[in-house]
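Novice: Dropping in protein-v7.csv, which is CSV, C-alpha atoms and all ligand atoms:
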chain,number,residue,atom,x,y,z
A,60,MET,CA,0.0,0.0,0.0
A,61,THR,CA,1.2,3.5,-0.8
A,62,ASP,CA,1.9,5.6,2.3
A,63,PRO,CA,0.0,8.9,1.9
A,64,PHE,CA,2.4,10.6,4.2
A,65,ALA,CA,5.7,9.5,2.6
A,66,PRO,CA,7.8,12.6,1.8
A,67,GLN,CA,7.4,12.4,-2.0
A,68,ALA,CA,3.9,10.8,-1.9
A,69,PHE,CA,2.5,13.5,-4.3
A,70,ALA,CA,5.7,14.1,-6.3
A,71,GLY,CA,4.9,15.2,-9.9
A,72,GLN,CA,1.3,15.9,-9.1
A,73,GLY,CA,-0.6,19.2,-9.5
A,74,VAL,CA,-3.2,20.4,-7.0
A,75,LEU,CA,-5.5,23.4,-7.0
A,76,VAL,CA,-6.8,24.6,-3.6
A,77,THR,CA,-9.5,27.2,-3.3
A,78,GLY,CA,-9.8,29.4,-0.2
A,79,ALA,CA,-6.1,28.9,0.3
A,80,ALA,CA,-5.1,32.3,1.7
A,81,GLY,CA,-5.3,31.0,5.2
A,82,GLY,CA,-6.8,28.4,7.5
A,83,MET,CA,-7.4,24.9,6.3
A,84,GLY,CA,-6.8,25.7,2.6
A,85,ALA,CA,-3.4,27.2,3.3
A,86,GLU,CA,-2.4,24.3,5.6
A,87,THR,CA,-3.6,21.8,3.0
A,88,ALA,CA,-1.5,23.5,0.4
A,89,ARG,CA,1.5,23.4,2.7
A,90,ALA,CA,0.9,19.7,3.4
A,91,PHE,CA,0.7,18.8,-0.3
A,92,ALA,CA,3.9,20.9,-1.0
A,93,ALA,CA,5.7,19.1,1.8
A,94,HIS,CA,4.9,15.8,0.0
A,95,GLY,CA,6.2,16.9,-3.4
A,96,ALA,CA,3.2,18.3,-5.2
A,97,THR,CA,3.0,21.6,-7.2
A,98,ILE,CA,0.1,23.8,-5.9
A,99,LEU,CA,-1.9,26.6,-7.2
A,100,LEU,CA,-3.4,28.5,-4.2
A,101,ALA,CA,-6.5,30.4,-5.2
A,102,ASP,CA,-8.5,32.9,-3.0
A,103,ARG,CA,-10.3,36.2,-3.4
A,104,ASP,CA,-8.0,37.5,-0.6
A,105,HIS,CA,-4.8,39.0,-2.0
A,106,ALA,CA,-3.0,37.5,1.0
A,107,VAL,CA,-2.9,34.3,-1.0
A,108,HIS,CA,0.2,35.6,-2.8
A,109,ALA,CA,2.2,35.8,0.5
A,110,THR,CA,0.8,32.4,1.6
A,111,ALA,CA,1.9,30.8,-1.6
A,112,ALA,CA,5.3,32.6,-1.7
A,113,ALA,CA,6.0,31.3,1.9
A,114,ILE,CA,5.9,27.7,0.6
A,115,GLY,CA,7.4,28.4,-2.8
A,116,GLN,CA,4.2,27.8,-4.7
A,117,HIS,CA,1.9,29.6,-7.1
A,118,ALA,CA,-1.1,31.9,-6.4
A,119,THR,CA,-4.1,33.3,-8.3
A,120,ILE,CA,-7.0,35.6,-7.3
A,121,LEU,CA,-10.3,33.7,-7.5
A,122,ASP,CA,-13.9,34.6,-6.6
A,123,VAL,CA,-15.6,31.2,-6.7
A,124,ALA,CA,-19.0,32.8,-7.0
A,125,ASP,CA,-18.0,34.3,-10.4
A,126,PRO,CA,-18.1,31.8,-13.2
A,127,ALA,CA,-15.6,33.9,-15.3
A,128,SER,CA,-13.2,34.0,-12.4
A,129,VAL,CA,-13.4,30.2,-11.9
A,130,THR,CA,-12.8,29.7,-15.7
A,131,ALA,CA,-9.7,31.9,-15.4
A,132,ALA,CA,-8.3,30.2,-12.3
A,133,PHE,CA,-8.6,26.8,-14.0
A,134,ALA,CA,-6.9,28.2,-17.1
A,135,THR,CA,-4.1,29.3,-14.9
A,136,ALA,CA,-3.9,25.8,-13.4
A,137,ASP,CA,-3.8,24.3,-16.9
A,138,ASP,CA,-0.7,26.6,-17.6
A,139,ILE,CA,1.1,26.2,-14.3
A,140,LEU,CA,0.4,22.7,-13.0
A,141,PRO,CA,2.1,19.6,-14.5
A,142,ARG,CA,-1.4,17.9,-14.3
A,143,LEU,CA,-4.6,18.4,-12.4
A,144,ASP,CA,-4.5,15.5,-9.9
A,145,ALA,CA,-6.5,17.0,-7.0
A,146,VAL,CA,-8.8,19.9,-6.5
A,147,ILE,CA,-9.7,20.9,-2.9
A,148,SER,CA,-12.7,23.2,-2.5
A,149,CYS,CA,-12.2,25.2,0.7
A,150,ALA,CA,-13.5,28.6,-0.1
A,151,ALA,CA,-16.5,29.7,2.0
A,152,ILE,CA,-17.8,32.3,4.3
A,153,ILE,CA,-19.5,31.8,7.7
A,154,THR,CA,-22.2,33.9,9.1
A,155,ALA,CA,-24.3,33.9,12.3
A,156,LYS,CA,-27.6,35.8,11.8
A,157,GLY,CA,-30.8,34.9,13.4
A,158,LEU,CA,-33.7,33.9,11.1
A,159,THR,CA,-35.5,37.2,11.6
A,160,GLU,CA,-32.5,39.3,10.7
A,161,MET,CA,-31.7,37.2,7.7
A,162,ASP,CA,-32.7,39.1,4.5
A,163,GLN,CA,-32.6,37.6,1.0
A,164,ALA,CA,-29.4,39.4,0.1
A,165,HIS,CA,-27.6,37.6,3.0
A,166,TRP,CA,-29.1,34.2,2.1
A,167,ARG,CA,-28.1,34.7,-1.6
A,168,ARG,CA,-24.5,35.8,-0.7
A,169,VAL,CA,-23.9,32.7,1.5
A,170,LEU,CA,-25.4,30.3,-1.0
A,171,ASP,CA,-23.6,31.9,-3.9
A,172,ILE,CA,-20.2,31.5,-2.4
A,173,ASN,CA,-20.5,28.3,-0.4
A,174,LEU,CA,-22.8,26.2,-2.7
A,175,THR,CA,-22.8,27.7,-6.2
A,176,GLY,CA,-19.1,28.4,-5.8
A,177,THR,CA,-18.4,24.7,-5.0
A,178,PHE,CA,-20.6,23.7,-7.9
A,179,LEU,CA,-18.6,25.8,-10.3
A,180,VAL,CA,-15.3,24.5,-9.0
A,181,ILE,CA,-16.5,20.9,-9.2
A,182,GLN,CA,-17.8,21.4,-12.8
A,183,ALA,CA,-14.4,22.8,-14.0
A,184,ALA,CA,-12.4,20.1,-12.1
A,185,ALA,CA,-14.6,17.3,-13.3
A,186,ALA,CA,-14.4,18.3,-17.0
A,187,ARG,CA,-10.6,18.1,-16.9
A,188,MET,CA,-10.4,15.0,-14.7
A,189,ARG,CA,-13.0,13.1,-16.8
A,190,ALA,CA,-10.9,13.7,-19.9
A,191,ALA,CA,-7.8,12.5,-18.1
A,192,ARG,CA,-9.7,9.6,-16.5
A,193,SER,CA,-8.0,10.4,-13.2
A,194,GLY,CA,-8.2,12.8,-10.4
A,195,SER,CA,-9.6,13.4,-6.9
A,196,ILE,CA,-11.9,16.2,-5.7
A,197,VAL,CA,-12.4,17.0,-2.1
A,198,CYS,CA,-15.1,19.5,-1.0
A,199,ILE,CA,-15.1,20.9,2.5
A,200,ALA,CA,-18.6,20.8,3.9
A,201,SER,CA,-19.2,21.1,7.7
A,202,ASP,CA,-20.7,19.3,10.7
A,203,ALA,CA,-23.3,22.1,10.4
A,204,GLY,CA,-24.4,20.6,7.1
A,205,VAL,CA,-25.3,17.5,9.0
A,206,ARG,CA,-26.4,18.8,12.5
A,207,GLY,CA,-27.9,22.1,11.2
A,208,GLY,CA,-26.8,25.6,12.2
A,209,GLY,CA,-28.8,28.2,14.1
A,210,GLY,CA,-26.4,28.1,17.0
A,211,LEU,CA,-23.7,30.5,18.2
A,212,ILE,CA,-21.3,30.4,15.2
A,213,ALA,CA,-23.2,29.2,12.2
A,214,ASP,CA,-26.5,30.3,10.9
A,215,ALA,CA,-29.3,28.6,8.9
A,216,ALA,CA,-27.9,29.9,5.6
A,217,TYR,CA,-24.4,28.5,6.3
A,218,ALA,CA,-25.8,25.2,7.4
A,219,ALA,CA,-28.1,24.9,4.4
A,220,SER,CA,-25.2,25.7,2.0
A,221,LYS,CA,-23.1,23.0,3.5
A,222,ALA,CA,-25.9,20.5,3.5
A,223,GLY,CA,-26.2,21.4,-0.2
A,224,VAL,CA,-22.5,20.7,-0.7
A,225,LEU,CA,-22.9,17.2,0.8
A,226,SER,CA,-25.8,16.5,-1.5
A,227,LEU,CA,-23.9,17.9,-4.5
A,228,VAL,CA,-20.9,15.7,-3.8
A,229,LYS,CA,-23.1,12.6,-3.6
A,230,SER,CA,-24.9,13.5,-6.9
A,231,VAL,CA,-21.6,14.2,-8.7
A,232,ALA,CA,-20.2,10.9,-7.4
A,233,ARG,CA,-23.1,9.1,-9.0
A,234,GLU,CA,-22.5,10.9,-12.3
A,235,LEU,CA,-18.7,10.3,-12.3
A,236,ALA,CA,-19.0,6.6,-11.7
A,237,GLY,CA,-16.6,4.5,-13.8
A,238,GLN,CA,-14.7,7.5,-15.1
A,239,GLY,CA,-11.5,7.2,-13.0
A,240,VAL,CA,-12.3,10.3,-10.9
A,241,ARG,CA,-13.1,10.3,-7.2
A,242,ILE,CA,-15.0,12.9,-5.3
A,243,ASN,CA,-15.5,13.1,-1.5
A,244,ALA,CA,-16.5,15.6,1.2
A,245,LEU,CA,-14.9,16.4,4.5
A,246,ASN,CA,-17.0,17.6,7.5
A,247,PRO,CA,-14.8,19.6,9.8
A,248,GLY,CA,-16.1,20.3,13.3
A,249,PRO,CA,-15.6,23.8,14.9
A,250,SER,CA,-12.0,24.7,14.2
A,251,ASP,CA,-9.7,27.5,15.3
A,252,THR,CA,-9.0,29.3,12.0
A,253,PRO,CA,-9.3,32.9,10.7
A,254,MET,CA,-12.9,32.1,9.9
A,255,HIS,CA,-13.6,32.6,13.6
A,256,ARG,CA,-11.4,35.7,14.0
A,257,GLY,CA,-14.5,37.6,15.3
A,258,ILE,CA,-15.4,35.3,18.2
A,259,SER,CA,-14.0,35.7,21.7
A,260,ASP,CA,-11.5,33.4,23.4
A,261,GLU,CA,-14.2,32.7,26.0
A,262,LEU,CA,-16.6,31.5,23.4
A,263,LYS,CA,-13.9,29.4,21.7
A,264,ALA,CA,-13.2,27.8,25.1
A,265,ARG,CA,-16.9,27.0,25.6
A,266,ILE,CA,-17.1,25.4,22.1
A,267,ALA,CA,-13.9,23.3,22.8
A,268,ALA,CA,-15.3,22.2,26.2
A,269,GLY,CA,-18.5,21.1,24.5
A,270,LEU,CA,-16.7,18.7,22.1
A,271,PRO,CA,-15.9,15.1,23.2
A,272,MET,CA,-12.3,15.7,22.2
A,273,GLY,CA,-12.1,18.8,24.4
A,274,ARG,CA,-10.5,21.1,21.8
A,275,MET,CA,-11.4,22.8,18.6
A,276,GLY,CA,-10.1,21.4,15.3
A,277,ARG,CA,-6.8,22.6,13.8
A,278,PRO,CA,-6.0,23.1,10.1
A,279,GLU,CA,-3.5,20.2,10.3
A,280,ASP,CA,-6.3,17.8,11.3
A,281,MET,CA,-8.1,18.7,8.1
A,282,ALA,CA,-5.0,18.7,5.9
A,283,ALA,CA,-4.0,15.2,7.0
A,284,ALA,CA,-7.5,13.9,6.2
A,285,ILE,CA,-7.5,15.6,2.8
A,286,LEU,CA,-4.1,14.1,1.9
A,287,PHE,CA,-5.4,10.7,2.8
A,288,LEU,CA,-8.6,11.2,0.6
A,289,CYS,CA,-6.4,12.2,-2.4
A,290,SER,CA,-4.0,9.4,-2.0
A,291,PRO,CA,-4.0,5.8,-3.3
A,292,ALA,CA,-4.7,4.7,0.3
A,293,ALA,CA,-8.2,6.0,-0.3
A,294,SER,CA,-8.7,4.5,-3.7
A,295,PHE,CA,-11.9,2.8,-2.5
A,296,VAL,CA,-13.3,5.9,-0.7
A,297,TYR,CA,-15.9,7.3,-3.1
A,298,GLY,CA,-18.8,9.8,-2.6
A,299,ALA,CA,-18.1,9.7,1.1
A,300,ALA,CA,-18.3,12.4,3.8
A,301,LEU,CA,-15.5,12.1,6.3
A,302,ASP,CA,-16.2,13.6,9.7
A,303,VAL,CA,-13.1,15.2,11.2
A,304,ASP,CA,-14.9,17.0,14.0
A,305,GLY,CA,-13.7,15.9,17.4
A,306,GLY,CA,-17.0,14.1,18.0
A,307,SER,CA,-19.2,17.1,17.2
A,308,MET,CA,-22.1,14.9,16.4
A,309,PHE,CA,-22.1,13.6,20.0
A,310,ARG,CA,-22.3,17.0,21.8
A,401,LIG,N1,-13.4,26.8,10.9
A,401,LIG,C1,-14.4,26.1,11.2
A,401,LIG,O1,-14.9,26.0,12.3
A,401,LIG,C2,-15.1,25.2,10.1
A,401,LIG,C3,-15.9,24.2,10.5
A,401,LIG,C4,-16.5,23.4,9.5
A,401,LIG,C5,-16.3,23.7,8.1
A,401,LIG,N2,-15.4,24.7,7.8
A,401,LIG,C6,-15.1,24.9,6.4
A,401,LIG,O2,-13.8,24.8,6.2
A,401,LIG,C7,-13.4,25.5,5.0
A,401,LIG,C8,-12.1,26.3,5.3
A,401,LIG,O3,-12.5,27.3,6.3
A,401,LIG,P1,-11.4,27.9,7.3
A,401,LIG,O4,-11.9,27.5,8.6
A,401,LIG,O5,-10.1,27.5,6.9
A,401,LIG,O6,-11.7,29.4,7.2
A,401,LIG,P2,-10.9,30.6,6.4
A,401,LIG,O7,-11.8,31.8,6.5
A,401,LIG,O8,-9.5,30.7,7.0
A,401,LIG,O9,-10.8,30.1,4.9
A,401,LIG,C9,-11.8,30.4,4.0
A,401,LIG,C10,-11.1,31.1,2.8
A,401,LIG,O10,-12.1,31.2,1.7
A,401,LIG,C11,-11.9,32.4,1.1
A,401,LIG,N3,-13.0,32.9,0.4
A,401,LIG,C12,-14.2,33.4,0.9
A,401,LIG,N4,-15.0,33.7,-0.1
A,401,LIG,C13,-14.4,33.4,-1.2
A,401,LIG,C14,-14.7,33.5,-2.6
A,401,LIG,N5,-15.9,34.0,-3.0
A,401,LIG,N6,-13.8,33.1,-3.5
A,401,LIG,C15,-12.6,32.6,-3.2
A,401,LIG,N7,-12.2,32.5,-1.9
A,401,LIG,C16,-13.1,32.9,-0.9
A,401,LIG,C17,-11.5,33.4,2.3
A,401,LIG,O11,-10.8,34.5,1.8
A,401,LIG,C18,-10.6,32.5,3.1
A,401,LIG,O12,-9.2,32.6,2.8
A,401,LIG,C19,-14.6,26.4,4.6
A,401,LIG,O13,-15.3,25.7,3.6
A,401,LIG,C20,-15.4,26.3,5.9
A,401,LIG,O14,-16.8,26.5,5.7
A,401,LIG,C21,-14.8,25.5,8.7
Render the structure in this file as C-alpha cells.
Specialist:
Amino acid sequence: MTDPFAPQAFAGQGVLVTGAAGGMGAETARAFAAHGATILLADRDHAVHATAAAIGQHATILDVADPASVTAAFATADDILPRLDAVISCAAIITAKGLTEMDQAHWRRVLDINLTGTFLVIQAAAARMRAARSGSIVCIASDAGVRGGGGLIADAAYAASKAGVLSLVKSVARELAGQGVRINALNPGPSDTPMHRGISDELKARIAAGLPMGRMGRPEDMAAAILFLCSPAASFVYGAALDVDGGSMFR
C-alpha cells in the first residue's frame, strides 16, 4: 500500500486549492507541497500571494461565486500545474444571523459563495479529470451541514449551504461513476481558523469544552484527512463524507 504521508507521496502531481489564503486551505497547500506536489493556491483575498510565496508555490486571485473567475483560475492551473491530480474546494464564508435578521441578500450571498461556488469548481475540475480519466476532488462541507446551524457560530444559511455541498458531492459521485475520478466531502467540526477571528477566546473555550475531544479542530487535522482522501490509500473511498470533527455529532 502507498503511504499517503511518505515525503514524496505526491511528487509530480498538481493540486488546486480554493480558499487557500489562510486556515485549512493554506495548511492543506503546505501539506501537499511538503509531500512533493505543485500547488496553485486560489483565493479572493490577496494575502494568498504571500501564503503561496512562503511555501514556494503559485497563487491566483479567484472569486468562486463568479463563473468567469473560476474559468480563469482553472486556465491558470492548466498553464502552471504539471497535471490536475487534485482539487480541494475550501472557499467559503461563515455567518451567524438569526432567522428574523436574515434578508434575502444575505441568504443569496452565502449560497452563492458556499454552494454555487463549490458547484462551479466541481464542474471545472470534473471536466478536466474526466478527460484524463483520473483525479480526486475534495469538497469541504461542515458538521453544520449534518447537524444544522442556528447556533452560536453558524446560521441557517451557512448550514443549508453546507448540506447542499454534501448532496452535491453525492450527486456528482453518481455521475462520475466508472470514469476514474473520485469525489469526496470532508466535514470539519468547529476549528480555530481565521474564519472565527470575530469570536472571543471565551466562546472558543466553551465550544472546545462542549466537544468530546475537548478542543477545537486545527487546520493540520483537516490537511491530514485531505491528503489521505487524495492518496491511493483512499482509492476505495468514493462519494463519502468524512467527519473530522472531534466528535461534534455527539455533543
Ligand atoms: N473553521 C471552522 O470551524 C469550520 C468548520 C466546518 C467547516 N469549515 C469549512 O472549512 C473551509 C475552510 O475554512 P477555514 O476555517 O479555513 O476558514 P478561512 O476563513 O480561513 O478560509 C476560507 C477562505 O475562503 C476564502 N473565500 C471566501 N469567499 C471566497 C470567494 N468568494 N472566492 C474565493 N475565496 C473565498 C477566504 O478569503 C478564506 O481565505 C470552509 O469551507 C469552511 O466553511 C470550517
Novice: Applying 12 Å and only C-alpha atoms, which residues near region 126-134 of chain A remain after dropping the ones on its own chain fewer than 2 positions away? List them as a VMD selection string.
Specialist: chain A and resid 73 to 77 99 to 103 117 to 124 136 to 140 142 to 143 146 148 150 171 to 172 175 to 188
Novice: Write out as JSON lines the residues of region 101-174 of chain A that have any atom within 10 Å of an atom of region 280-300 of chain A, one row each with the nearest atom pair and its distance in Å to one decimal, counting only C-alpha atoms, sorted by chain and then rising number.
Specialist:
{"residue": "A:Asp144", "atom": "CA", "partner": "A:Cys289", "partner_atom": "CA", "distance": 8.4}
{"residue": "A:Ala145", "atom": "CA", "partner": "A:Cys289", "partner_atom": "CA", "distance": 6.6}
{"residue": "A:Val146", "atom": "CA", "partner": "A:Cys289", "partner_atom": "CA", "distance": 9.0}
{"residue": "A:Ile147", "atom": "CA", "partner": "A:Ile285", "partner_atom": "CA", "distance": 8.1}
Novice: Write out as a ChimeraX atom specification each polymer residue whose atoms come within 7 Å of Phe69 (chain A), counting all atoms listed in the file; drop sequence neighbours fewer than 4 positions from it.
Specialist: /A:91,94-96
Novice: Residues near Ser250 (chain A), anyone? I mean within 7 Å using all atoms listed in the file, not counting same-chain ones fewer than 3 positions away, as a ChimeraX atom specification.
Specialist: /A:275-277
Novice: In Å, how far is it from atom N3 of ligand LIG 401 (chain A) to CA of Cys198 (chain A)?
Specialist: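 Separating atom N3 of ligand LIG 401 (chain A) from CA of Cys198 (chain A) is a distance of 13.6 Å.
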Novice: Near Asp251 (chain A), within 10 Å and counting all atoms listed in the file, which residues show up once chain neighbours fewer than 4 positions away are dropped, as a PyMOL selection string?
Specialist: chain A and resi 82-83+255-256+263+267+274-278
Novice: Save out the residues we just selected, C-alpha atoms, as a compact mmCIF listing (two decimals), in the coordinates of the input.
Specialist:
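Saved the output as out_2.txt:
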# COMPACT_ATOMS: atom_id res chain seq x y z
CA GLY A 82 -6.80 28.40 7.50
CA MET A 83 -7.40 24.90 6.30
CA HIS A 255 -13.60 32.60 13.60
CA ARG A 256 -11.40 35.70 14.00
CA LYS A 263 -13.90 29.40 21.70
CA ALA A 267 -13.90 23.30 22.80
CA ARG A 274 -10.50 21.10 21.80
CA MET A 275 -11.40 22.80 18.60
CA GLY A 276 -10.10 21.40 15.30
CA ARG A 277 -6.80 22.60 13.80
CA PRO A 278 -6.00 23.10 10.10
Novice: For a quick check of understanding, using only C-alpha atoms, which of A:Val240, A:Thr252, A:Ile212, A:Asp260 has the smallest distance to Glu86 (chain A)?
Specialist: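 Using only C-alpha atoms, the shortest distance to Glu86 (chain A) belongs to A:Thr252.
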Novice: To one decimal in Å, tell me the separation between CA of Gln116 (chain A) and CA of Gly78 (chain A).
Specialist: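 If I compute the distance from CA of Gln116 (chain A) to CA of Gly78 (chain A), I get 14.8 Å.
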Novice: With only C-alpha atoms and all ligand atoms as the basis for distance, which of A:Gly306, A:Gly71, A:Gly210, A:Gly204 is at the shortest distance from ligand LIG 401 (chain A)?
Specialist: A:Gly204
Novice: Which of these residues is nearest to ligand LIG 401 (chain A), using all atoms listed in the file: A:Lys221, A:Arg206, A:Arg167, A:His108?
Specialist: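 With all atoms listed in the file as the atom set, the closest residue is A:Lys221.
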Novice: Pick the closest to ligand LIG 401 (chain A) from A:Asn173, A:Ser259, A:Gln238, A:Ser201: which is it, counting all atoms listed in the file?
Specialist: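 That would be A:Ser201, the residue with the smallest distance to ligand LIG 401 (chain A).
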Novice: If I take atom C16 of ligand LIG 401 (chain A) and CA of Ile152 (chain A), how far is one from the other in Å, to one decimal?
Specialist: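 CA of Ile152 (chain A) lies 7.0 Å from atom C16 of ligand LIG 401 (chain A).
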Novice: Looking at all atoms listed in the file, which of A:His105, A:Arg233, A:Arg310, A:Arg192 is the one that sits closest to Leu270 (chain A)?
Specialist: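 Among the listed residues, A:Arg310 lies closest to Leu270 (chain A).
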Novice: Using all atoms listed in the file, can you tell me which of A:Ala111, A:Ala244, A:Ala215, A:Ala93 comes closest to Trp166 (chain A)?
Specialist: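 Under the stated criterion, the closest residue is A:Ala215.
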Novice: Would you mind putting back N, CA and C atoms on region 287-306 of chain A, then writing it out as a tab-separated table (two decimals), in the frame of the given file?
Specialist:
chain	number	residue	atom	x	y	z
A	287	PHE	N	-4.99	12.10	2.83
A	287	PHE	CA	-5.40	10.70	2.80
A	287	PHE	C	-6.48	10.51	1.67
A	288	LEU	N	-7.49	11.40	1.62
A	288	LEU	CA	-8.60	11.20	0.60
A	288	LEU	C	-8.05	11.32	-0.81
A	289	CYS	N	-6.96	12.06	-1.01
A	289	CYS	CA	-6.40	12.20	-2.40
A	289	CYS	C	-5.37	11.16	-2.71
A	290	SER	N	-5.06	10.32	-1.77
A	290	SER	CA	-4.00	9.40	-2.00
A	290	SER	C	-4.50	8.00	-2.45
A	291	PRO	N	-3.62	7.17	-2.97
A	291	PRO	CA	-4.00	5.80	-3.30
A	291	PRO	C	-4.56	5.00	-2.16
A	292	ALA	N	-4.17	5.40	-0.94
A	292	ALA	CA	-4.70	4.70	0.30
A	292	ALA	C	-6.20	4.81	0.36
A	293	ALA	N	-6.77	5.82	-0.30
A	293	ALA	CA	-8.20	6.00	-0.30
A	293	ALA	C	-8.87	5.67	-1.59
A	294	SER	N	-8.24	4.78	-2.34
A	294	SER	CA	-8.70	4.50	-3.70
A	294	SER	C	-10.12	3.87	-3.72
A	295	PHE	N	-10.58	3.36	-2.56
A	295	PHE	CA	-11.90	2.80	-2.50
A	295	PHE	C	-12.90	3.67	-1.72
A	296	VAL	N	-12.47	4.89	-1.45
A	296	VAL	CA	-13.30	5.90	-0.70
A	296	VAL	C	-13.96	6.75	-1.80
A	297	TYR	N	-15.27	6.70	-1.93
A	297	TYR	CA	-15.90	7.30	-3.10
A	297	TYR	C	-17.28	7.89	-2.66
A	298	GLY	N	-17.48	9.16	-2.92
A	298	GLY	CA	-18.80	9.80	-2.60
A	298	GLY	C	-19.04	9.84	-1.10
A	299	ALA	N	-17.96	9.78	-0.33
A	299	ALA	CA	-18.10	9.70	1.10
A	299	ALA	C	-18.05	11.10	1.75
A	300	ALA	N	-18.50	11.19	2.99
A	300	ALA	CA	-18.30	12.40	3.80
A	300	ALA	C	-17.60	12.02	5.05
A	301	LEU	N	-16.36	12.44	5.14
A	301	LEU	CA	-15.50	12.10	6.30
A	301	LEU	C	-15.64	13.10	7.38
A	302	ASP	N	-16.11	12.69	8.55
A	302	ASP	CA	-16.20	13.60	9.70
A	302	ASP	C	-14.88	13.73	10.40
A	303	VAL	N	-14.35	14.94	10.45
A	303	VAL	CA	-13.10	15.20	11.20
A	303	VAL	C	-13.49	16.33	12.17
A	304	ASP	N	-14.18	15.96	13.22
A	304	ASP	CA	-14.90	17.00	14.00
A	304	ASP	C	-14.80	16.83	15.51
A	305	GLY	N	-13.85	16.04	15.97
A	305	GLY	CA	-13.70	15.90	17.40
A	305	GLY	C	-14.90	15.35	18.13
A	306	GLY	N	-15.78	14.70	17.35
A	306	GLY	CA	-17.00	14.10	18.00
A	306	GLY	C	-18.14	15.09	18.04
